[in-house]
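A.B. asks: Before we start, here is the structure in question, set down as structure tokens.
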Amino acid sequence: MIPLIFLASLFALPADTFGAPTAPVSGQTISLLRRNQSPRDVTEWGALARSQRDNLIVKYSGSQTTQKRSSGYNLIVDQLYDSSYYGSLAIGTPAVSFDVILDTGSSDLWVAGSSCGTSCGSSPTFNPSSSSTFQNLSTPFNIQYGSGYADGYDAQDIVQMAGFSVSSQGFAVVDVVSQDLLTSPVSGLLGLAWESIANSGQMPLWQTLASSNAWDSALFGVQLTRYTNDSTAQQLEPGGVLNMGYTNSSLYTGSIDYIDIPGTPSYWYIPLTSMTVQGSSISIDSGTTAAIDTGTTNIAGPASSIQAIYAQIPDSQPATGEWAGYYSFPCSTTVNVELSFGGATWSISPADFSFTQSSSTECIGAFFEASTGTGSPSWIIGDAFLKNVYSVFRYNPPSVGFANLSSIAIAENGAGGTVPSATVGTVSASVTNTSDAPRRHALSASLSALFLAFSAVLLL
């Protein structure tokens, strides 16, 4: 599900570096945080690679009242050498903050509940009985990843992020997760794709805000940092920024090249029209689409295309064991890849093409084989590409945009600094989610607690 991916001091930089609007704006800023991993041996990296591949295959084979407010931003954290990126939000009354993976490749918000027990490890958990505005919708929730699963139930409560507060926002409280699905301090996942693919059937947080006219512009922008090639990187590093309701012109140069989603919005998928590796063109079938996925570390594609990519790299070969589907290549080789989605051409840094080193001379490439199933995008473009551009996800018309990173954004790569922690900010704009929810009976917080206690007794 979740694959691999600023400045001496985060707070020593100008405000616009962190995604603040250039014009004065009331509101809260929240940074996206990314966690780096401690050194791993080749076996551990292989297990991570297999998990990413399996997660991806499972993942893809399958009106409101508002108070106007312009925009806000959330600082991101880079986790485990660009393996994943997370931000923070708050849930309930009183509000409690949580770190959540930011995933444009799925649509559900879920957090670990207080009844999760040992399977959630030391991750902070949400206690429904502590929130006076919590409602249990009494419908089961399940989401399956290649490496595991999360089970719980659908609910609604007040959710806050980047200065926005949404009442009756749908999410899931998870009380069972498979082993190692959560790693502290992360407590869950924020899906940033479209409602049509939400397992819960509930409208995603971003879509509630965009459709309610709460944002100055109905879009959000993402900038991700790079630490994969920094030998001094820590487990957690500053990861970039999520701009909600605006684009931050200090983080990119030139214009934003938008590409419309070619059908009904579900994933953030767009045409993939051309690719070159070491200057040689890779054949791309007409009608090929690619999902733009912040929750995937690397880049997945059809086996025939992946084979053609590595055919352009001398002495590369298919990897085996945990690495099945990946390829190794000489670390001494600088690999240059360019992609086009029907407009401009975008380059991937050689540092991002190299996923990790498997021996003193051999590296594992970031492009790997995966079959996503009929009806799903055949390519999944993850953080290995997204670290090289400023990305914009637009509500209307539904589209994805890219722009070249500015010198300010590029300077954040490997720069280190203070890593933000989850906090409860000041609310500057409120929205009430009035979309249909898959509720049967909404239970009050006190009745929910009684229901959970009764369920626990039955399980004894």
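Identifiers in the structure tokens: chain A, B, ... in order shown; residue index from 1 per chain; ligand index from 1 in order shown.
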Can you list every residue in range 299-435 of chain A that DSSP puts in alpha helix (DSSP H), as a PyMOL selection string?

C.D. replies: chain A and resi 303-310+350-353+383-386+407-411

A.B. asks: Take the residues just selected and output them with N, CA and C atoms as a CSV table (one decimal), in the first residue's frame.

C.D. replies:
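This is the output file out.csv:
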chain,number,residue,atom,x,y,z
A,303,ALA,N,4.9,-5.9,-16.8
A,303,ALA,CA,6.1,-6.6,-16.9
A,303,ALA,C,6.9,-6.3,-18.2
A,304,SER,N,6.2,-6.3,-19.3
A,304,SER,CA,6.9,-6.0,-20.6
A,304,SER,C,7.6,-4.7,-20.7
A,305,SER,N,6.9,-3.7,-20.1
A,305,SER,CA,7.5,-2.3,-20.1
A,305,SER,C,8.7,-2.2,-19.1
A,306,ILE,N,8.6,-2.9,-18.0
A,306,ILE,CA,9.7,-2.8,-17.0
A,306,ILE,C,10.9,-3.6,-17.6
A,307,GLN,N,10.6,-4.7,-18.3
A,307,GLN,CA,11.7,-5.4,-18.9
A,307,GLN,C,12.4,-4.5,-20.0
A,308,ALA,N,11.6,-3.7,-20.7
A,308,ALA,CA,12.2,-2.8,-21.8
A,308,ALA,C,13.0,-1.7,-21.1
A,309,ILE,N,12.6,-1.3,-20.0
A,309,ILE,CA,13.3,-0.2,-19.3
A,309,ILE,C,14.7,-0.7,-18.9
A,310,TYR,N,14.8,-1.9,-18.3
A,310,TYR,CA,16.1,-2.4,-17.8
A,310,TYR,C,16.9,-2.9,-19.0
A,350,PRO,N,18.5,10.5,-11.0
A,350,PRO,CA,19.1,9.2,-10.8
A,350,PRO,C,19.1,8.7,-9.4
A,351,ALA,N,19.1,9.6,-8.4
A,351,ALA,CA,19.1,9.2,-7.0
A,351,ALA,C,17.8,8.6,-6.7
A,352,ASP,N,16.7,9.0,-7.3
A,352,ASP,CA,15.4,8.4,-7.1
A,352,ASP,C,15.2,7.1,-7.9
A,353,PHE,N,15.9,6.9,-9.0
A,353,PHE,CA,15.8,5.7,-9.7
A,353,PHE,C,16.4,4.5,-8.9
A,383,ASP,N,6.3,8.1,-5.2
A,383,ASP,CA,7.2,9.1,-4.7
A,383,ASP,C,8.5,9.2,-5.5
A,384,ALA,N,9.0,8.2,-6.0
A,384,ALA,CA,10.3,8.2,-6.8
A,384,ALA,C,10.2,9.3,-7.9
A,385,PHE,N,9.0,9.5,-8.4
A,385,PHE,CA,8.7,10.5,-9.4
A,385,PHE,C,8.3,11.8,-8.7
A,386,LEU,N,7.4,11.8,-7.8
A,386,LEU,CA,6.8,12.9,-7.2
A,386,LEU,C,7.8,13.8,-6.4
A,407,SER,N,14.2,26.7,-6.7
A,407,SER,CA,15.5,26.5,-6.0
A,407,SER,C,15.2,26.4,-4.5
A,408,ILE,N,14.2,27.0,-4.0
A,408,ILE,CA,13.8,26.9,-2.5
A,408,ILE,C,13.4,25.5,-2.2
A,409,ALA,N,12.6,24.9,-3.0
A,409,ALA,CA,12.1,23.5,-2.8
A,409,ALA,C,13.3,22.6,-2.9
A,410,ILE,N,14.1,22.7,-3.9
A,410,ILE,CA,15.2,21.8,-4.1
A,410,ILE,C,16.2,21.9,-2.9
A,411,ALA,N,16.4,23.1,-2.4
A,411,ALA,CA,17.3,23.2,-1.3
A,411,ALA,C,16.9,22.5,0.0

A.B. asks: Residues near range 314-330 of chain A, anyone? I mean within 9 Å using only C-alpha atoms, not counting same-chain ones fewer than 4 positions away, as an MDAnalysis selection string.

C.D. replies: chainID A and resid 43 45:51 53 303 306:307 310 334 354 357:358 361:370

A.B. asks: Taking C-alpha atoms for each residue, export the selection above as a compact mmCIF listing (two decimals), in the first residue's frame.

C.D. replies:
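And here is the file that came out, result_26.txt:
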# COMPACT_ATOMS: atom_id res chain seq x y z
CA THR A 43 16.91 -8.86 3.73
CA TRP A 45 14.86 -4.01 2.26
CA GLY A 46 13.76 -7.04 0.29
CA ALA A 47 10.84 -7.64 2.62
CA LEU A 48 9.87 -4.01 2.24
CA ALA A 49 10.06 -4.30 -1.54
CA ARG A 50 7.85 -7.36 -1.58
CA SER A 51 5.36 -5.70 0.75
CA ARG A 53 4.61 -4.85 -4.60
CA ALA A 303 6.13 -6.59 -16.92
CA ILE A 306 9.65 -2.85 -17.02
CA GLN A 307 11.73 -5.39 -18.94
CA TYR A 310 16.08 -2.39 -17.81
CA THR A 334 23.71 6.79 -13.81
CA SER A 354 18.00 3.77 -7.26
CA GLN A 357 21.82 -0.97 -2.60
CA SER A 358 21.79 -4.77 -2.45
CA THR A 361 28.30 -2.88 -6.39
CA GLU A 362 24.66 -3.68 -7.13
CA CYS A 363 21.58 -1.46 -6.68
CA ILE A 364 17.85 -2.20 -6.89
CA GLY A 365 15.87 -0.03 -9.30
CA ALA A 366 12.74 1.89 -8.32
CA PHE A 367 10.72 0.60 -11.29
CA PHE A 368 9.15 -2.79 -10.66
CA GLU A 369 6.65 -5.19 -12.27
CA ALA A 370 3.06 -5.32 -11.08

A.B. asks: Write out, as a tab-separated table, each residue of range 217-295 of chain A that has an atom at most 12 Å from range 412-434 of chain A, together with the closest pair of atoms and their distance in Å to one decimal, counting only C-alpha atoms, rows going by chain and rising number.

C.D. replies:
residue	atom	partner	partner_atom	distance
A:Gln223	CA	A:Glu412	CA	10.2
A:Leu224	CA	A:Asn413	CA	8.6
A:Thr225	CA	A:Asn413	CA	5.1
A:Arg226	CA	A:Asn413	CA	4.8
A:Tyr227	CA	A:Gly414	CA	5.0
A:Thr228	CA	A:Gly414	CA	8.4
A:Asn229	CA	A:Gly414	CA	8.0
A:Asp230	CA	A:Gly414	CA	6.1
A:Ser231	CA	A:Gly414	CA	9.4
A:Thr232	CA	A:Gly414	CA	8.7
A:Ala233	CA	A:Gly414	CA	7.3
A:Gln234	CA	A:Gly416	CA	8.5
A:Gln235	CA	A:Val419	CA	10.4
A:Leu236	CA	A:Val419	CA	6.8
A:Glu237	CA	A:Val419	CA	5.7
A:Pro238	CA	A:Val419	CA	5.2
A:Gly239	CA	A:Val419	CA	8.4
A:Gly240	CA	A:Glu412	CA	7.9
A:Val241	CA	A:Glu412	CA	11.0
A:Leu251	CA	A:Glu412	CA	10.3

A.B. asks: Print the selection's residues with N, CA and C atoms to a file, as a PDB file, in the first residue's frame.

C.D. replies:
ATOM      1  N   GLN A 223       4.441  18.965  -2.136  1.00  0.00           N
ATOM      2  CA  GLN A 223       5.886  18.974  -2.371  1.00  0.00           C
ATOM      3  C   GLN A 223       6.526  18.002  -1.401  1.00  0.00           C
ATOM      4  N   LEU A 224       7.337  17.074  -1.913  1.00  0.00           N
ATOM      5  CA  LEU A 224       7.983  16.060  -1.102  1.00  0.00           C
ATOM      6  C   LEU A 224       9.498  16.223  -1.141  1.00  0.00           C
ATOM      7  N   THR A 225      10.158  15.974  -0.018  1.00  0.00           N
ATOM      8  CA  THR A 225      11.609  16.093   0.035  1.00  0.00           C
ATOM      9  C   THR A 225      12.285  14.745  -0.226  1.00  0.00           C
ATOM     10  N   ARG A 226      13.618  14.815  -0.449  1.00  0.00           N
ATOM     11  CA  ARG A 226      14.407  13.613  -0.737  1.00  0.00           C
ATOM     12  C   ARG A 226      15.494  13.438   0.325  1.00  0.00           C
ATOM     13  N   TYR A 227      15.536  12.277   0.938  1.00  0.00           N
ATOM     14  CA  TYR A 227      16.604  11.916   1.871  1.00  0.00           C
ATOM     15  C   TYR A 227      17.210  10.553   1.555  1.00  0.00           C
ATOM     16  N   THR A 228      16.720   9.912   0.509  1.00  0.00           N
ATOM     17  CA  THR A 228      17.165   8.553   0.205  1.00  0.00           C
ATOM     18  C   THR A 228      18.658   8.477  -0.082  1.00  0.00           C
ATOM     19  N   ASN A 229      19.260   9.575  -0.564  1.00  0.00           N
ATOM     20  CA  ASN A 229      20.691   9.582  -0.895  1.00  0.00           C
ATOM     21  C   ASN A 229      21.514  10.308   0.165  1.00  0.00           C
ATOM     22  N   ASP A 230      20.950  10.519   1.348  1.00  0.00           N
ATOM     23  CA  ASP A 230      21.640  11.211   2.428  1.00  0.00           C
ATOM     24  C   ASP A 230      22.045  10.193   3.491  1.00  0.00           C
ATOM     25  N   SER A 231      23.337   9.917   3.589  1.00  0.00           N
ATOM     26  CA  SER A 231      23.818   8.892   4.510  1.00  0.00           C
ATOM     27  C   SER A 231      23.671   9.300   5.970  1.00  0.00           C
ATOM     28  N   THR A 232      23.429  10.589   6.232  1.00  0.00           N
ATOM     29  CA  THR A 232      23.278  11.052   7.615  1.00  0.00           C
ATOM     30  C   THR A 232      21.809  11.232   8.006  1.00  0.00           C
ATOM     31  N   ALA A 233      20.911  10.848   7.131  1.00  0.00           N
ATOM     32  CA  ALA A 233      19.479  11.050   7.388  1.00  0.00           C
ATOM     33  C   ALA A 233      19.028  10.282   8.621  1.00  0.00           C
ATOM     34  N   GLN A 234      18.074  10.872   9.353  1.00  0.00           N
ATOM     35  CA  GLN A 234      17.506  10.262  10.537  1.00  0.00           C
ATOM     36  C   GLN A 234      16.205   9.537  10.172  1.00  0.00           C
ATOM     37  N   GLN A 235      15.649   8.811  11.138  1.00  0.00           N
ATOM     38  CA  GLN A 235      14.425   8.066  10.865  1.00  0.00           C
ATOM     39  C   GLN A 235      13.284   8.988  10.471  1.00  0.00           C
ATOM     40  N   LEU A 236      13.225  10.163  11.051  1.00  0.00           N
ATOM     41  CA  LEU A 236      12.223  11.163  10.697  1.00  0.00           C
ATOM     42  C   LEU A 236      12.932  12.419  10.239  1.00  0.00           C
ATOM     43  N   GLU A 237      12.493  12.942   9.100  1.00  0.00           N
ATOM     44  CA  GLU A 237      13.054  14.185   8.566  1.00  0.00           C
ATOM     45  C   GLU A 237      11.911  15.059   8.050  1.00  0.00           C
ATOM     46  N   PRO A 238      12.134  16.377   7.934  1.00  0.00           N
ATOM     47  CA  PRO A 238      11.120  17.244   7.317  1.00  0.00           C
ATOM     48  C   PRO A 238      10.796  16.725   5.921  1.00  0.00           C
ATOM     49  N   GLY A 239       9.497  16.599   5.617  1.00  0.00           N
ATOM     50  CA  GLY A 239       9.097  15.899   4.394  1.00  0.00           C
ATOM     51  C   GLY A 239       8.481  16.739   3.309  1.00  0.00           C
ATOM     52  N   GLY A 240       8.323  18.053   3.513  1.00  0.00           N
ATOM     53  CA  GLY A 240       7.703  18.885   2.493  1.00  0.00           C
ATOM     54  C   GLY A 240       6.442  19.528   3.024  1.00  0.00           C
ATOM     55  N   VAL A 241       5.475  19.730   2.137  1.00  0.00           N
ATOM     56  CA  VAL A 241       4.273  20.437   2.565  1.00  0.00           C
ATOM     57  C   VAL A 241       3.064  20.029   1.745  1.00  0.00           C
ATOM     58  N   LEU A 251       7.388  27.453  -4.335  1.00  0.00           N
ATOM     59  CA  LEU A 251       7.905  26.088  -4.409  1.00  0.00           C
ATOM     60  C   LEU A 251       8.038  25.562  -5.831  1.00  0.00           C
TER      61      LEU A 251
END

A.B. asks: Hey, what's within 12 Å of Pro397 in chain A if we count only C-alpha atoms and toss same-chain stuff fewer than 6 positions away? As a ChimeraX atom specification, please?

C.D. replies: /A:210-211,217-219,258-265

A.B. asks: If we count only C-alpha atoms, what is near Ser378 in chain A at a cut-off of 8 Å, once residues fewer than 5 positions away on the same chain are taken out, given as a PDB file with N, CA and C atoms, in the first residue's frame?

C.D. replies:
ATOM      1  N   THR A 288      -2.890   4.034 -22.412  1.00  0.00           N
ATOM      2  CA  THR A 288      -2.306   3.690 -21.120  1.00  0.00           C
ATOM      3  C   THR A 288      -2.533   4.801 -20.110  1.00  0.00           C
ATOM      4  N   THR A 289      -2.919   4.436 -18.897  1.00  0.00           N
ATOM      5  CA  THR A 289      -3.110   5.422 -17.841  1.00  0.00           C
ATOM      6  C   THR A 289      -2.225   5.098 -16.645  1.00  0.00           C
ATOM      7  N   ALA A 290      -1.950   6.132 -15.844  1.00  0.00           N
ATOM      8  CA  ALA A 290      -1.108   5.990 -14.668  1.00  0.00           C
ATOM      9  C   ALA A 290      -1.770   6.677 -13.486  1.00  0.00           C
ATOM     10  N   GLY A 301       4.771  -0.915 -13.111  1.00  0.00           N
ATOM     11  CA  GLY A 301       4.260  -0.959 -14.471  1.00  0.00           C
ATOM     12  C   GLY A 301       4.150  -2.382 -14.973  1.00  0.00           C
ATOM     13  N   PRO A 302       3.609  -2.563 -16.170  1.00  0.00           N
ATOM     14  CA  PRO A 302       3.478  -3.901 -16.760  1.00  0.00           C
ATOM     15  C   PRO A 302       4.847  -4.555 -16.945  1.00  0.00           C
ATOM     16  N   SER A 371       0.980  -6.273 -11.847  1.00  0.00           N
ATOM     17  CA  SER A 371      -0.246  -6.339 -12.630  1.00  0.00           C
ATOM     18  C   SER A 371      -1.374  -5.807 -11.761  1.00  0.00           C
ATOM     19  N   THR A 372      -2.003  -4.718 -12.181  1.00  0.00           N
ATOM     20  CA  THR A 372      -2.990  -4.050 -11.346  1.00  0.00           C
ATOM     21  C   THR A 372      -4.416  -4.519 -11.572  1.00  0.00           C
ATOM     22  N   GLY A 373      -4.659  -5.304 -12.585  1.00  0.00           N
ATOM     23  CA  GLY A 373      -6.004  -5.827 -12.806  1.00  0.00           C
ATOM     24  C   GLY A 373      -6.808  -5.015 -13.801  1.00  0.00           C
TER      25      GLY A 373
END

A.B. asks: So which one's closest to Gly72 in chain A, A:Leu272, A:Met161, A:Val389, A:Leu189? Using only C-alpha atoms, please.

C.D. replies: A:Met161

A.B. asks: Excluding same-chain residues fewer than 2 positions from range 277-283 of chain A, what lies within 8 Å of it counting only C-alpha atoms, as a list of chain:residue names?

C.D. replies: A:Ser274, A:Met275, A:Asp285, A:Ser305, A:Ala308, A:Ile309, A:Gln312, A:Ile313, A:Val335, A:Asn336, A:Val337, A:Glu338

A.B. asks: Take the selection from the previous step and output its residues with N, CA and C atoms, as a PDB file, in the first residue's frame.

C.D. replies:
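Output file result19.pdb is given in full below:
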ATOM      1  N   SER A 274       4.470   8.892 -22.983  1.00  0.00           N
ATOM      2  CA  SER A 274       5.811   8.561 -23.467  1.00  0.00           C
ATOM      3  C   SER A 274       6.789   8.410 -22.304  1.00  0.00           C
ATOM      4  N   MET A 275       7.861   7.667 -22.569  1.00  0.00           N
ATOM      5  CA  MET A 275       8.919   7.449 -21.578  1.00  0.00           C
ATOM      6  C   MET A 275      10.225   7.183 -22.308  1.00  0.00           C
ATOM      7  N   ASP A 285       1.645   1.658 -24.812  1.00  0.00           N
ATOM      8  CA  ASP A 285       0.433   1.413 -25.579  1.00  0.00           C
ATOM      9  C   ASP A 285      -0.507   2.611 -25.537  1.00  0.00           C
ATOM     10  N   SER A 305       6.925  -3.673 -20.104  1.00  0.00           N
ATOM     11  CA  SER A 305       7.497  -2.326 -20.090  1.00  0.00           C
ATOM     12  C   SER A 305       8.679  -2.227 -19.131  1.00  0.00           C
ATOM     13  N   ALA A 308      11.605  -3.742 -20.731  1.00  0.00           N
ATOM     14  CA  ALA A 308      12.163  -2.846 -21.753  1.00  0.00           C
ATOM     15  C   ALA A 308      12.986  -1.730 -21.125  1.00  0.00           C
ATOM     16  N   ILE A 309      12.585  -1.266 -19.954  1.00  0.00           N
ATOM     17  CA  ILE A 309      13.346  -0.217 -19.262  1.00  0.00           C
ATOM     18  C   ILE A 309      14.732  -0.723 -18.890  1.00  0.00           C
ATOM     19  N   GLN A 312      17.665  -1.203 -21.347  1.00  0.00           N
ATOM     20  CA  GLN A 312      18.482  -0.041 -21.716  1.00  0.00           C
ATOM     21  C   GLN A 312      19.628   0.197 -20.728  1.00  0.00           C
ATOM     22  N   ILE A 313      19.687  -0.623 -19.678  1.00  0.00           N
ATOM     23  CA  ILE A 313      20.714  -0.445 -18.644  1.00  0.00           C
ATOM     24  C   ILE A 313      21.640  -1.656 -18.669  1.00  0.00           C
ATOM     25  N   VAL A 335      21.352   6.401 -14.206  1.00  0.00           N
ATOM     26  CA  VAL A 335      20.183   6.112 -15.039  1.00  0.00           C
ATOM     27  C   VAL A 335      19.317   7.362 -15.149  1.00  0.00           C
ATOM     28  N   ASN A 336      19.029   7.754 -16.387  1.00  0.00           N
ATOM     29  CA  ASN A 336      18.206   8.933 -16.659  1.00  0.00           C
ATOM     30  C   ASN A 336      16.871   8.504 -17.267  1.00  0.00           C
ATOM     31  N   VAL A 337      15.778   8.901 -16.617  1.00  0.00           N
ATOM     32  CA  VAL A 337      14.434   8.547 -17.072  1.00  0.00           C
ATOM     33  C   VAL A 337      13.613   9.818 -17.234  1.00  0.00           C
ATOM     34  N   GLU A 338      12.840   9.884 -18.312  1.00  0.00           N
ATOM     35  CA  GLU A 338      11.923  11.006 -18.536  1.00  0.00           C
ATOM     36  C   GLU A 338      10.533  10.457 -18.835  1.00  0.00           C
TER      37      GLU A 338
END

A.B. asks: So which residues of range 295-395 of chain A fall under strand (DSSP E) by DSSP, listed as a ChimeraX atom specification?

C.D. replies: /A:299-301,317-318,327-330,337-340,345-348,354-357,362-365,367-369,379-381,389-394
